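Beneath this line is the structure, given in structure tokens, with notes to follow.
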Amino acid sequence: MTGIRLEHLTKRFKNQVAVEDVSADIRNGEFVVILGASGSGKTTILRMIAGLEVQTSGHVYIGDMLVDDYEPRDRNIAMVFQTYALYPHLSVRKNIGFGLKVRHVERSEIDRRVTAVAELLGISETLDRRPSELSGGQRQRVALGRAIVRDPEAFLLDEPLSNLDAKIRSSARIELKRLHSQLGQTFVFVTHDQTEAMTLGDRLAVMNHGRLLQYDTPERVLSHPTNRFVASFVGSPEMDFLEGSVEPTGGSYTFISGPIQIPVRGVGRPGPVTIGLRPWDITVHQAAGAGSVPARVAGVERLGSSDQVFLEVGPPGAPGPGGLPAPPLTLRALVRSYDFEVGNMVSIGFDADRALYFTADGNRIESMSAPTRVG
Amino acid sequence: MKKQHSRRAIRILKRAASHAVLIVACLFALFPIYFMIVASFSTFPLGAISASILVPRPSQVTLTSYHAILLDQNPSFVAMLTNSLIFAGSAALIGLGLAAFTGFALSKFNFPGRRTFVYFILLISLFPSFVMILPFYLMFAKLGLIDTYIGLIIPYSAGAVVFSGILVKNYMDSIPDDIEEAALVDGLGRTEAFFRVLIPLCLPVLGLAAFLAFVGPYTDYAFAHVFIDTSNLWTLALGLYSINSPEGQGVQNYGLVCAFALVMSLPIVAFYMAFQRWIIGGLTMGAVRG
Amino acid sequence: MADLRDQTLSYRLRHEWPAYLYLLPTTIVLLFLNAYPIAYTVYISLTDFGTGGRFSLLTYHYVGITNYISAFTTNASISWGLIFNSLFWAAGSVALFLLVGLGLATVLNQDLRGKTIYRTLILLPWAMPAFITILIWANMWQVDYGIINEMLATVGVAPVAWLEHTDTAWAALFVTNVWLSFPFYTVVFLAQMQSIPKDLYEAASIDGAGMFSKFGRITVPYLMPTIVFVGLMGFLFTFNNFYPIYLITSGGPGVTTQIFITQSYDDAFGASPAFSTAAMYAVLDFLIILVITVVVIWRTNLTRNWLK
């Protein structure tokens, strides 16, 4: 059974296309995260599923039912808003029970369910307070409770963690994940935070400029991004990109970018290409000669469990317009804490197997060994 | 050391000056009200008054003026009060109902023509309400509505719609759209969401608008003077004015005027005191948002 | 951002049309009970209704802009007097409101004992309906047995005929008007001052700013939008504030404190009804208000919140 299905969903505003031809299946009970920067159209998709926004074209199915012409109230979905949107004039108890009350559920039944949900979320002692008397974390739970109590077809969550303190955000994440497995219902969660996306989602839908760029599991999105945007948007620290070209070297091919040379596996194809490398796939050696390429440590960021180092590779480039030399190529690498200091002369190596290849317009080249599929 | 001393002296002086300014402001604010109260309880020969009444002696406190205005009036005080309540109450109710719908439509709907409508209301609100008396008078004279309840309720309500509509719209603008949308997802239609979520949230501004829409007609003299001839439709405002300028006598009976004014003010003052927070909050919010 | 999210016209028509239903009753009221009377007023101002001889109350004629022309030729002194008086009354009152309001708010915006009590007492005039208190003030200004003169008498001052000289009549009007309005201005400015972040003042103190330069460099700029807004609102309200003048001076002595609105009322409902003149002064009043409003809004961007 489908949870939610989007078919060629498009939303045009007066001066902008917010969502363009997005199709996706969300399985029943799945936790799907829509990830994108602000303005990418992710919230608009959520609002179209809810019926708060009506699409320009395309279809929305909820639980196998075509709901294009349904009002929000008839779609049997629940939504958690970024601002929580609790009713300020009602107590927590009435906030949670509101959706049942307007659906004429019996009072004793409402009481029973509100109490159960409050227990589940650990907010029983706040039931008779007003939203204004609650902490941010408690408000977020009330908003969740208001959704859960209705036992809806799907939960739509619009950046529900973004208004929480950094401290409780990670525990809220874990709790949300636990809640999802407990309830076993469909969750659609919108965020711009890739940590939330990676930790919460069964699958990620990565959006940019209204288009769905990739829809896959977090592991696949990280290891097999469909294009350069996804590759750079997902993964922290951000991916390193090397502009260069593939040249034939004897029987095989080699990627060459300035002083950097990386052997290309399989049968390659000559031409300009961009290589993407995760910072943790770059190895840094203390001794100047141990790696293949000499570099200088230009900056160190202590992240706690590891350090991010900024490496300047090769000599400064030709002088730019101001007479100053263009900055040298700088790469990010993830290394063990306190191994390096600024100014160290090091050498670096690359895990050629894990390198990703991109065409000039940003699409990933699936396999260098199949030249017909390039481009 | 010396510098610290002088600084402290300056601070004490500043504080003393502040208190002095505020005490003067309070005396200024209170004086007319105080005068009304003492004058209403005093006896003095018609037209004769002196500053000595400002320091009342318990033995001289009298209820003569209250007795006179409450019992010896024609039309009776109760009759005038009833008329005033009918006029002001209907105007406030009608005006408020229309204003609530207007505010909702203008604030929460993005329909074509919204801006034009807002401009239209603002333009109309610039036309002074007192000069509307003339066209209404001429129109209603033709329609035979002069000297009727409906003939005054209509212009009063029409006036209330304009400013209350703007007031309610501005307040609703400050309620996040999320809250209405949460109600839609929770199972309400837009109209239901309006009645069950937005209206309760707008109670402060609706209270304020009702108050203003009531006080206007309740204390209106200019319209009533023109629209009402027969004494059985007389309002309190007309009664107060006639006591203040009794025909054929050059001087006022301050005791009567003040007693009448105080009793007439009581419902307003009571309402104001009860909802002070909403009224002050609503009006200052409107000004601060600007 | 907001612009990018604008829905298309057809979308708005399809999904937002219920708004027209909600607005229907109000539209009817606005058209028939506001727009029509206003248009009717304009029409009467173009006739000789009540001013064209003995029977002009029964039958009257369209005379074009004759009334307007004579207002600035034969009756020029009256008309210019009304323009001057209306502007003087509104601008003078607003200047006093702002001065007293800002001053008292500044004084109240300190750590003072009894602050709440002062605030409550200052707000009291607000609880009383204006019509009633203006009537009381009118009595207080009387030359004989007016309480103000009686109080002056106790310190040996001879009775002042407040309302019989133009200067003192204006003074009486302004004092009364300040009494009516200063609570509002004080509370509004106080609320705004309390929302000014404290660290702005602390930073200024570190930079060596004194009390007055803090007021001029921080408080006033921060309050400026509010000052402009309540100033304009106060101006519009006072320009057409009928009761203080009608009840206290009735435009006198002579017509030296007469403003448009009181003149119009007197013309229409006084001893000899001159409806066309009354309507003409109403229209002139509206035009002046309109020009001032448009200019202020245009120069200050005030509509942003109204038309969001």
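Lettering and numbering for the structure tokens are positional, with chains as A, B, ... in the shown order, residues counted from 1 in each chain, and ligands counted from 1 in the shown order.
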
Write down as a count of residues only the residues belonging to region 101-312 of chain A that are assigned alpha helix (DSSP H) by DSSP computed on the backbone.
-> 66

Excluding Met239 (chain A) and residues on its chain fewer than 2 positions from it, collect all residues at most 12 Å away from it, counting only C-alpha atoms, and give them as an MDAnalysis selection string.
-> chainID A and resid 222:223 225 228:237 241:242 274:282 330:334 354:356

What would the file look like if the residues just selected were written as a PDB file, in the first residue's frame with C-alpha atoms?
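Result written to selection08.pdb:
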```
ATOM      1  CA  LEU A 222      26.214  10.091   0.398  1.00  0.00           C
ATOM      2  CA  SER A 223      28.053   7.475  -1.624  1.00  0.00           C
ATOM      3  CA  PRO A 225      25.114  11.420  -5.347  1.00  0.00           C
ATOM      4  CA  ARG A 228      27.571  17.805  -7.938  1.00  0.00           C
ATOM      5  CA  PHE A 229      24.934  19.800  -6.047  1.00  0.00           C
ATOM      6  CA  VAL A 230      23.818  16.791  -4.019  1.00  0.00           C
ATOM      7  CA  ALA A 231      27.429  15.775  -3.465  1.00  0.00           C
ATOM      8  CA  SER A 232      28.325  19.165  -2.034  1.00  0.00           C
ATOM      9  CA  PHE A 233      25.068  19.679  -0.126  1.00  0.00           C
ATOM     10  CA  VAL A 234      25.176  16.362   1.716  1.00  0.00           C
ATOM     11  CA  GLY A 235      28.133  15.286   3.824  1.00  0.00           C
ATOM     12  CA  SER A 236      30.070  17.213   6.420  1.00  0.00           C
ATOM     13  CA  PRO A 237      32.655  18.608   6.077  1.00  0.00           C
ATOM     14  CA  PHE A 241      36.268  19.277  -5.796  1.00  0.00           C
ATOM     15  CA  LEU A 242      39.205  19.187  -8.170  1.00  0.00           C
ATOM     16  CA  THR A 274      35.685  17.322 -11.993  1.00  0.00           C
ATOM     17  CA  ILE A 275      36.614  14.903  -9.258  1.00  0.00           C
ATOM     18  CA  GLY A 276      34.863  14.926  -5.899  1.00  0.00           C
ATOM     19  CA  LEU A 277      36.541  13.568  -2.815  1.00  0.00           C
ATOM     20  CA  ARG A 278      35.176  13.331   0.696  1.00  0.00           C
ATOM     21  CA  PRO A 279      37.528  14.995   3.213  1.00  0.00           C
ATOM     22  CA  TRP A 280      37.878  11.675   4.964  1.00  0.00           C
ATOM     23  CA  ASP A 281      39.134  10.019   1.797  1.00  0.00           C
ATOM     24  CA  ILE A 282      42.194  12.264   1.671  1.00  0.00           C
ATOM     25  CA  THR A 330      42.822  24.541  -1.045  1.00  0.00           C
ATOM     26  CA  LEU A 331      41.491  21.159   0.012  1.00  0.00           C
ATOM     27  CA  ARG A 332      39.730  20.026   3.144  1.00  0.00           C
ATOM     28  CA  ALA A 333      40.772  16.855   4.879  1.00  0.00           C
ATOM     29  CA  LEU A 334      39.636  15.144   8.036  1.00  0.00           C
ATOM     30  CA  ARG A 354      36.254   6.480  -3.697  1.00  0.00           C
ATOM     31  CA  ALA A 355      36.617   9.416  -6.063  1.00  0.00           C
ATOM     32  CA  LEU A 356      33.448  10.620  -7.805  1.00  0.00           C
TER      33      LEU A 356
END
```

Give as a list of chain:residue names every residue of chain B that touches chain A within 12 Å, counting only C-alpha atoms.
-> B:Ile175, B:Pro176, B:Asp177, B:Asp178, B:Ile179, B:Glu180, B:Glu181, B:Ala182, B:Ala183, B:Leu184, B:Val185, B:Asp186, B:Gly187, B:Leu188, B:Gly189, B:Arg190, B:Glu192, B:Ala193, B:Arg196, B:Val197, B:Leu198, B:Ile199, B:Pro200, B:Leu201, B:Cys202, B:Leu203, B:Pro204

Any chance you could list, as a PyMOL selection string, the residues in region 180-342 of chain A that come up strand (DSSP E) when DSSP is run on the backbone?
-> chain A and resi 186-191+203-208+211-216+240-249+252-257+260-264+271-277+282-285+293-302+306-313+329-336

Contacts of Met233 (chain C) within 10 Å, only C-alpha atoms, excl. fewer than 4 positions in-chain, as a PyMOL selection string | (chain B and resi 287+290) or (chain C and resi 94+227-229+237-239+293)
